[in-house]
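Step one of this worksheet: look at the structure below.
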Amino acid sequence: MNAGDTVKIHFYVGAPGPGWNVNVDDVTTRQSGTITLNSKYGPMLPAFDNQQIGNALGWGLVDDTPNSFVWEIGHTSPYTKPADKFCVPGQTFCDSFDQAHWLGFSPLQIKSVTLAGGSTASEWAVVSDTGGKAEVLGNSFVGPTDCSSYGGPFCTYPWFTFNERTTRSATAPTIRG
């Protein structure tokens with residue numbers, strides 16, 4: 001995949017035994033691949049039968065739905081140094097809170113959601129478990145930060161915008177983060 005590519009991602013449970021399958025089709029390059037979520041401990045399967053608010057695993061602060069797309073904020077990348085390190089606003093080793101860095105990304109656009117049987121989602125949303133000025137100024141669960149004011153290098157929380165309506169039933173958020 002490359003920046004600007006259009007991809008289609010299909011999650012489904014395969015035959016009994018192997019676990020969830022994730023098909024990724026890069027429409028732009030015409031390449032594709034499948035990931036099967038299985039390990040030495042056995043298959044990873046959905047925890048809930050229904051995709052609805054409240055059916056979420058209890059490991060985060062947000063009461064999301066079981067299938068969610070996540071842009072991680074507050075961690076360094078596993079491919080950088082320091083790798084996989086938690087960070088808070090004001091720390092210069094982490095680009096999560098540096099507006100100049102995350103504005104350099106091409107926006108991720110979620111253009112539609114299609115459900116089993118080909119139906120489209122009537123509603124879908126974006127959410128943040130913490131953030132904004134409260135996190136940057138140290139007034140959320142993250143605790144003290146090195147930021148004395150909101151804005152400026154490493155003291156801005158990533159944000160998203162809504163684009164125009166792309167279909168009859170869904171808007172396309174542009175996620176910046």
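Ordering of the structure tokens sets the chain letters (A, B, ...); residue numbers start at 1 within each chain; ligands are numbered from 1 in the order shown.
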
According to DSSP computed on the backbone, where in region 2-85 of chain A is there strand (DSSP E)? Give the residues as a VMD selection string.
chain A and resid 7 to 13 20 to 26 31 to 36 38 to 39 42 to 43

I need the chosen residues saved as a PDB file, in the first residue's frame, with C-alpha atoms.
ATOM      1  CA  VAL A   7      -8.254  -0.197  -0.021  1.00  0.00           C
ATOM      2  CA  LYS A   8     -11.161  -2.470   0.774  1.00  0.00           C
ATOM      3  CA  ILE A   9     -10.954  -4.442   4.007  1.00  0.00           C
ATOM      4  CA  HIS A  10     -13.221  -7.431   4.640  1.00  0.00           C
ATOM      5  CA  PHE A  11     -13.376  -9.111   8.070  1.00  0.00           C
ATOM      6  CA  TYR A  12     -15.054 -12.495   8.279  1.00  0.00           C
ATOM      7  CA  VAL A  13     -14.952 -15.736  10.205  1.00  0.00           C
ATOM      8  CA  TRP A  20     -11.003 -14.371  11.804  1.00  0.00           C
ATOM      9  CA  ASN A  21      -9.861 -13.617   8.290  1.00  0.00           C
ATOM     10  CA  VAL A  22      -8.959 -10.113   7.177  1.00  0.00           C
ATOM     11  CA  ASN A  23      -8.838  -9.573   3.405  1.00  0.00           C
ATOM     12  CA  VAL A  24      -7.075  -6.422   2.233  1.00  0.00           C
ATOM     13  CA  ASP A  25      -7.583  -5.437  -1.405  1.00  0.00           C
ATOM     14  CA  ASP A  26      -5.589  -2.458  -2.673  1.00  0.00           C
ATOM     15  CA  GLN A  31      -2.660  -6.252  -4.969  1.00  0.00           C
ATOM     16  CA  SER A  32      -4.325  -8.200  -2.194  1.00  0.00           C
ATOM     17  CA  GLY A  33      -3.635 -10.400   0.772  1.00  0.00           C
ATOM     18  CA  THR A  34      -5.339 -12.232   3.630  1.00  0.00           C
ATOM     19  CA  ILE A  35      -4.422 -12.338   7.297  1.00  0.00           C
ATOM     20  CA  THR A  36      -5.840 -15.171   9.401  1.00  0.00           C
ATOM     21  CA  ASN A  38      -4.647 -17.603  14.584  1.00  0.00           C
ATOM     22  CA  SER A  39      -1.802 -18.308  16.983  1.00  0.00           C
ATOM     23  CA  GLY A  42      -5.716 -21.019  18.951  1.00  0.00           C
ATOM     24  CA  PRO A  43      -7.958 -18.967  16.676  1.00  0.00           C
TER      25      PRO A  43
END

List the spatial neighbours of Ile73 (chain A) as a ChimeraX atom specification - criterion: any atom at most 9 Å away, only C-alpha atoms, same-chain residues fewer than 5 positions off excluded.
/A:87,95-97,157-158,177

May I ask which of the residues A:Gly4, A:Pro46, A:Pro89, A:Gly131 is the closest one to Cys147 (chain A), counting only C-alpha atoms?
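Looking at the shortest contact to Cys147 (chain A), the residue is A:Pro89.
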
So how many Å separate CA of Ser77 (chain A) and CA of Ala100 (chain A), to one decimal?
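Pair CA of Ser77 (chain A) / CA of Ala100 (chain A) returns 17.0 Å.
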
Figure out the distance between CA of Glu72 (chain A) and CA of Val27 (chain A), please, to one decimal in Å.
24.9 Å

Separation of CA of Leu103 (chain A) and CA of Glu123 (chain A), in Å?
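Calculated distance between CA of Leu103 (chain A) and CA of Glu123 (chain A) is 27.2 Å.
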
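Counting only C-alpha atoms, the residue from A:Trp159, A:Lys40, A:Val113, A:Tyr79 that sits nearest to Pro18 (chain A) is A:Lys40.
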
What lies within 10 Å of Ser140 (chain A) using only C-alpha atoms, ignoring chain neighbours under 6 positions off, as a ChimeraX atom specification?
/A:130-134

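Counting only C-alpha atoms and comparing A:Gly19, A:Pro144, A:Gly74, A:Gly54, the residue that lies closest to Asp98 (chain A) is A:Gly74.
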
With distances taken over only C-alpha atoms, the candidate from A:Asn50, A:Thr156, A:Gln99, A:Thr6 nearest Thr28 (chain A) is A:Thr6

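With distances restricted to only C-alpha atoms, A:Gln91 is the closest residue to Thr145 (chain A) from A:Gln52, A:Gln91, A:Thr120, A:Asn2.
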